[in-house]
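Q: Input data.cif, format and content: mmCIF, N, CA and C atoms and all ligand atoms.
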```cif
data_upload
#
loop_
_atom_site.label_atom_id
_atom_site.label_comp_id
_atom_site.auth_asym_id
_atom_site.auth_seq_id
_atom_site.Cartn_x
_atom_site.Cartn_y
_atom_site.Cartn_z
N MET T 1 -15.75 18.46 21.12
CA MET T 1 -15.08 17.16 21.24
C MET T 1 -15.75 16.12 20.33
N TYR T 2 -14.96 15.19 19.88
CA TYR T 2 -15.49 14.10 19.06
C TYR T 2 -15.30 12.80 19.85
N ASP T 3 -16.30 11.94 19.80
CA ASP T 3 -16.23 10.69 20.55
C ASP T 3 -15.29 9.68 19.92
N SER T 4 -15.34 9.59 18.61
CA SER T 4 -14.70 8.46 17.95
C SER T 4 -13.47 8.86 17.14
N LEU T 5 -12.72 9.80 17.66
CA LEU T 5 -11.54 10.25 16.95
C LEU T 5 -10.41 9.24 17.11
N GLU T 6 -9.82 8.84 16.02
CA GLU T 6 -8.71 7.89 16.09
C GLU T 6 -7.92 7.96 14.79
N HIS T 7 -6.87 7.16 14.76
CA HIS T 7 -6.04 6.98 13.58
C HIS T 7 -6.94 6.71 12.36
N GLY T 8 -6.87 7.54 11.36
CA GLY T 8 -7.65 7.29 10.15
C GLY T 8 -8.99 7.99 10.09
N THR T 9 -9.37 8.63 11.19
CA THR T 9 -10.63 9.38 11.18
C THR T 9 -10.58 10.50 10.14
N MET T 10 -11.65 10.64 9.41
CA MET T 10 -11.72 11.70 8.42
C MET T 10 -12.78 12.71 8.83
N LEU T 11 -12.49 13.98 8.59
CA LEU T 11 -13.43 15.04 8.91
C LEU T 11 -13.57 15.95 7.69
N ARG T 12 -14.71 16.59 7.60
CA ARG T 12 -15.00 17.40 6.43
C ARG T 12 -15.63 18.71 6.86
N CYS T 13 -15.29 19.75 6.15
CA CYS T 13 -15.92 21.06 6.38
C CYS T 13 -17.20 21.11 5.58
N PRO T 14 -18.35 21.33 6.24
CA PRO T 14 -19.62 21.35 5.50
C PRO T 14 -19.77 22.56 4.59
N VAL T 15 -18.94 23.56 4.80
CA VAL T 15 -19.07 24.78 4.00
C VAL T 15 -18.26 24.69 2.70
N CYS T 16 -16.96 24.43 2.83
CA CYS T 16 -16.11 24.45 1.63
C CYS T 16 -15.75 23.05 1.15
N GLY T 17 -16.08 22.01 1.91
CA GLY T 17 -15.80 20.65 1.47
C GLY T 17 -14.38 20.18 1.73
N ALA T 18 -13.59 20.97 2.42
CA ALA T 18 -12.22 20.53 2.74
C ALA T 18 -12.27 19.27 3.60
N GLU T 19 -11.40 18.31 3.32
CA GLU T 19 -11.36 17.07 4.09
C GLU T 19 -9.99 16.91 4.73
N ILE T 20 -10.00 16.40 5.95
CA ILE T 20 -8.74 16.11 6.63
C ILE T 20 -8.78 14.69 7.17
N THR T 21 -7.61 14.12 7.38
CA THR T 21 -7.50 12.76 7.92
C THR T 21 -6.52 12.79 9.08
N VAL T 22 -6.89 12.14 10.16
CA VAL T 22 -6.00 12.03 11.32
C VAL T 22 -4.95 10.96 11.00
N LEU T 23 -3.69 11.32 10.94
CA LEU T 23 -2.63 10.37 10.61
C LEU T 23 -1.95 9.83 11.85
N ALA T 24 -1.91 10.60 12.88
CA ALA T 24 -1.31 10.13 14.12
C ALA T 24 -2.20 10.63 15.25
N TRP T 25 -2.60 9.75 16.08
CA TRP T 25 -3.49 10.13 17.17
C TRP T 25 -2.99 9.53 18.44
N ARG T 26 -2.71 10.34 19.42
CA ARG T 26 -2.14 9.86 20.68
C ARG T 26 -3.19 9.76 21.76
N GLY T 27 -4.38 10.21 21.50
CA GLY T 27 -5.42 10.15 22.51
C GLY T 27 -5.23 11.23 23.55
N GLY T 28 -6.30 11.52 24.23
CA GLY T 28 -6.17 12.44 25.34
C GLY T 28 -6.27 13.91 24.98
N GLY T 29 -5.93 14.26 23.77
CA GLY T 29 -6.00 15.66 23.39
C GLY T 29 -7.42 16.08 23.11
N SER T 30 -7.65 17.35 23.00
CA SER T 30 -8.98 17.79 22.59
C SER T 30 -8.84 18.48 21.24
N PHE T 31 -8.88 17.67 20.22
CA PHE T 31 -8.70 18.10 18.85
C PHE T 31 -10.03 18.64 18.33
N GLN T 32 -10.06 19.88 17.96
CA GLN T 32 -11.32 20.47 17.49
C GLN T 32 -11.07 21.28 16.23
N PRO T 33 -10.93 20.58 15.12
CA PRO T 33 -10.66 21.30 13.88
C PRO T 33 -11.84 22.15 13.44
N ARG T 34 -11.56 23.34 13.03
CA ARG T 34 -12.59 24.23 12.52
C ARG T 34 -12.15 24.72 11.15
N CYS T 35 -13.11 24.94 10.30
CA CYS T 35 -12.84 25.48 8.98
C CYS T 35 -14.02 26.36 8.62
N CYS T 36 -13.77 27.47 7.94
CA CYS T 36 -14.86 28.39 7.55
C CYS T 36 -15.71 28.77 8.77
N ASN T 37 -15.05 28.83 9.92
CA ASN T 37 -15.71 29.22 11.15
C ASN T 37 -16.78 28.25 11.64
N VAL T 38 -16.76 27.01 11.17
CA VAL T 38 -17.67 25.99 11.70
C VAL T 38 -16.85 24.77 12.10
N LYS T 39 -17.45 23.96 12.96
CA LYS T 39 -16.82 22.72 13.40
C LYS T 39 -16.87 21.72 12.26
N MET T 40 -15.76 21.03 12.01
CA MET T 40 -15.74 20.05 10.94
C MET T 40 -16.53 18.81 11.35
N GLU T 41 -17.17 18.17 10.37
CA GLU T 41 -18.02 17.00 10.64
C GLU T 41 -17.24 15.72 10.44
N LEU T 42 -17.54 14.73 11.29
CA LEU T 42 -16.94 13.41 11.13
C LEU T 42 -17.52 12.74 9.88
N LEU T 43 -16.66 12.10 9.11
CA LEU T 43 -17.13 11.31 7.97
C LEU T 43 -17.25 9.86 8.40
N PRO T 44 -18.21 9.13 7.81
CA PRO T 44 -18.42 7.73 8.21
C PRO T 44 -17.25 6.83 7.82
N GLN T 45 -16.57 7.12 6.74
CA GLN T 45 -15.48 6.24 6.33
C GLN T 45 -14.17 6.61 7.01
N LYS T 46 -13.25 5.65 7.00
CA LYS T 46 -11.93 5.89 7.58
C LYS T 46 -10.87 5.72 6.50
N ALA T 47 -9.78 6.38 6.68
CA ALA T 47 -8.66 6.16 5.77
C ALA T 47 -8.13 4.74 5.99
N ILE T 48 -7.61 4.14 4.93
CA ILE T 48 -7.10 2.77 5.03
C ILE T 48 -5.57 2.84 4.98
N PHE T 49 -4.93 2.19 5.96
CA PHE T 49 -3.48 2.24 6.05
C PHE T 49 -2.85 0.94 5.57
N PHE T 50 -1.73 1.07 4.90
CA PHE T 50 -0.96 -0.09 4.45
C PHE T 50 0.45 0.06 4.96
N LYS T 51 1.05 -1.07 5.32
CA LYS T 51 2.40 -1.01 5.86
C LYS T 51 3.27 -2.03 5.14
N CYS T 52 4.53 -1.66 4.90
CA CYS T 52 5.50 -2.58 4.32
C CYS T 52 6.20 -3.31 5.46
N GLU T 53 6.18 -4.63 5.42
CA GLU T 53 6.81 -5.41 6.49
C GLU T 53 8.32 -5.30 6.48
N ILE T 54 8.87 -4.98 5.33
CA ILE T 54 10.33 -4.95 5.20
C ILE T 54 10.91 -3.63 5.71
N CYS T 55 10.48 -2.54 5.12
CA CYS T 55 11.10 -1.26 5.47
C CYS T 55 10.24 -0.42 6.40
N LYS T 56 9.05 -0.94 6.76
CA LYS T 56 8.13 -0.27 7.69
C LYS T 56 7.51 1.00 7.12
N ALA T 57 7.59 1.16 5.83
CA ALA T 57 6.92 2.31 5.22
C ALA T 57 5.42 2.18 5.45
N GLU T 58 4.77 3.31 5.64
CA GLU T 58 3.32 3.31 5.84
C GLU T 58 2.68 4.30 4.89
N ILE T 59 1.58 3.90 4.32
CA ILE T 59 0.84 4.82 3.47
C ILE T 59 -0.62 4.80 3.90
N ALA T 60 -1.34 5.82 3.51
CA ALA T 60 -2.76 5.88 3.81
C ALA T 60 -3.52 6.15 2.52
N ALA T 61 -4.54 5.37 2.28
CA ALA T 61 -5.43 5.61 1.16
C ALA T 61 -6.56 6.49 1.65
N ILE T 62 -6.63 7.69 1.16
CA ILE T 62 -7.58 8.66 1.69
C ILE T 62 -8.98 8.43 1.12
N ASN T 63 -9.04 8.12 -0.14
CA ASN T 63 -10.35 7.92 -0.75
C ASN T 63 -10.86 6.52 -0.47
N ASP T 64 -12.14 6.35 -0.65
CA ASP T 64 -12.77 5.05 -0.41
C ASP T 64 -12.32 4.06 -1.48
N LEU T 65 -11.64 3.01 -1.04
CA LEU T 65 -11.11 2.03 -1.98
C LEU T 65 -11.88 0.72 -1.93
N SER T 66 -13.03 0.72 -1.28
CA SER T 66 -13.72 -0.54 -1.07
C SER T 66 -14.14 -1.20 -2.38
N ARG T 67 -14.27 -0.40 -3.43
CA ARG T 67 -14.68 -1.00 -4.70
C ARG T 67 -13.50 -1.17 -5.66
N SER T 68 -12.32 -0.81 -5.25
CA SER T 68 -11.19 -0.96 -6.16
C SER T 68 -10.20 -1.99 -5.61
N ASP T 69 -9.40 -2.49 -6.48
CA ASP T 69 -8.45 -3.55 -6.13
C ASP T 69 -7.07 -2.91 -5.97
N PHE T 70 -6.92 -2.19 -4.90
CA PHE T 70 -5.69 -1.44 -4.67
C PHE T 70 -4.66 -2.33 -3.97
N THR T 71 -3.55 -2.59 -4.62
CA THR T 71 -2.54 -3.47 -4.04
C THR T 71 -1.17 -2.80 -4.15
N PRO T 72 -0.85 -1.97 -3.18
CA PRO T 72 0.44 -1.29 -3.20
C PRO T 72 1.59 -2.27 -2.96
N ILE T 73 2.68 -2.08 -3.68
CA ILE T 73 3.85 -2.94 -3.56
C ILE T 73 5.01 -2.09 -3.03
N CYS T 74 5.74 -2.61 -2.07
CA CYS T 74 6.94 -1.95 -1.58
C CYS T 74 7.96 -3.03 -1.30
N CYS T 75 9.23 -2.77 -1.61
CA CYS T 75 10.29 -3.76 -1.39
C CYS T 75 9.93 -5.10 -2.05
N ASN T 76 9.26 -5.01 -3.19
CA ASN T 76 8.87 -6.21 -3.94
C ASN T 76 7.82 -7.05 -3.26
N ARG T 77 7.18 -6.53 -2.27
CA ARG T 77 6.14 -7.29 -1.59
C ARG T 77 4.88 -6.45 -1.47
N GLN T 78 3.78 -7.16 -1.42
CA GLN T 78 2.52 -6.45 -1.25
C GLN T 78 2.46 -5.87 0.16
N MET T 79 2.04 -4.63 0.25
CA MET T 79 1.95 -4.00 1.57
C MET T 79 0.74 -4.57 2.32
N ILE T 80 0.86 -4.66 3.63
CA ILE T 80 -0.18 -5.26 4.47
C ILE T 80 -1.19 -4.20 4.88
N LYS T 81 -2.43 -4.54 4.71
CA LYS T 81 -3.48 -3.64 5.13
C LYS T 81 -3.56 -3.63 6.65
N LYS T 82 -3.49 -2.48 7.22
CA LYS T 82 -3.52 -2.37 8.67
C LYS T 82 -4.93 -2.13 9.14
N ALA T 83 -5.37 -2.92 10.06
CA ALA T 83 -6.70 -2.71 10.63
C ALA T 83 -6.65 -1.47 11.49
N VAL T 84 -7.57 -0.58 11.26
CA VAL T 84 -7.67 0.60 12.11
C VAL T 84 -8.52 0.21 13.31
N SER T 85 -7.97 0.35 14.47
CA SER T 85 -8.64 -0.11 15.69
C SER T 85 -10.01 0.48 15.83
ZN ZN N 101 -14.09 25.21 5.06
ZN ZN N 102 9.28 -1.35 1.78
#
```
Rewrite the structure of this file - the entire thing - as structure tokens.
A:
Amino acid sequence: MYDSLEHGTMLRCPVCGAEITVLAWRGGGSFQPRCCNVKMELLPQKAIFFKCEICKAEIAAINDLSRSDFTPICCNRQMIKKAVS
């Protein structure tokens, strides 16, 4: 079990380096991803989600964008960065 699993949580396989991101999390489940026969490790960073206020489109930036000026546009408007709880 993982304590801090939520929307945007990223996990990595220490053996092959595969990375996964939780895109929808309903809570309550016991999600235990394994890869290469080992338990995947939690990564410190989280995926960053953006939402379009007009059409409700949602995207997730998987890589760390803290140093880049990423400004996705949808429906002619800048998408809103969603705070991951
Ligand atoms: Zn693996
Ligand atoms: Zn849109």
Q: Taking all atoms listed in the file into account, which residues are within 7 Å of ligand ZN 102 (chain N), as a list in words?
A: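 So, counting all atoms listed in the file, the residues near ligand ZN 102 (chain N) are Lys51, Cys52, Glu53, Ile54, Cys55, Lys56, Ala57, Ile73, Cys74, Cys75, Asn76 and Arg77 of chain T.
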Q: 12 Å from ligand ZN 101 (chain N) is the threshold here; counting only C-alpha atoms and all ligand atoms, which polymer residues fall inside it? Answer as a PyMOL selection string.
A: chain T and resi 11-20+33-41
Q: If I take atom CA of Ser30 of chain T and atom CA of Gly8 of chain T, how far is one from the other in Å, to one decimal?
A: 16.3 Å
Q: Determine the nearest neighbour of Met10 of chain T from the options T:Gln78, T:Thr71, T:Ile62, T:Val22, counting all atoms listed in the file.
A: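 Answer, going by the shortest atom-to-atom distance: T:Val22.
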Q: To one decimal place, how far is atom C of Leu23 of chain T from atom C of Glu58 of chain T in Å?
A: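 Atom C of Leu23 of chain T sits 10.0 Å away from atom C of Glu58 of chain T.
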Q: Enumerate, as a ChimeraX atom specification, the complete set of residues in chain T that a backbone-based DSSP assignment places in strand (DSSP E or B).
A: /T:9-12,19-21,34-35,38-39,41-46,48-51,58-61,73-74,77-78,80-82
Q: Please list as JSON, numbers by chain every residue within 7 Å of Phe50 of chain T, counting all atoms listed in the file and excluding residues in the same chain fewer than 4 positions away.
A: {"T": [57, 58, 59, 60, 61, 79, 80, 81, 82]}
Q: So which residues touch Phe31 of chain T within 12 Å, counting only C-alpha atoms, skipping near sequence neighbours fewer than 4 positions away, as number ranges by chain?
A: T: 1-6, 9, 11, 22, 24-27, 39-40
Q: For segment 56-75 of chain T, I'd like the enclosing box, axis-aligned and padded by 8 Å on every side, reported as JSON with centre and edge lengths in Å to one decimal.
A:
```
{"center_x": -2.2, "center_y": 1.8, "center_z": 0.6, "size_x": 41.0, "size_y": 29.8, "size_z": 30.2}
```
Q: So how far away is atom CA of Arg67 of chain T from atom C of Pro44 of chain T, in Å?
A: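 Straight-line distance from atom C of Pro44 of chain T to atom CA of Arg67 of chain T works out to 15.0 Å.
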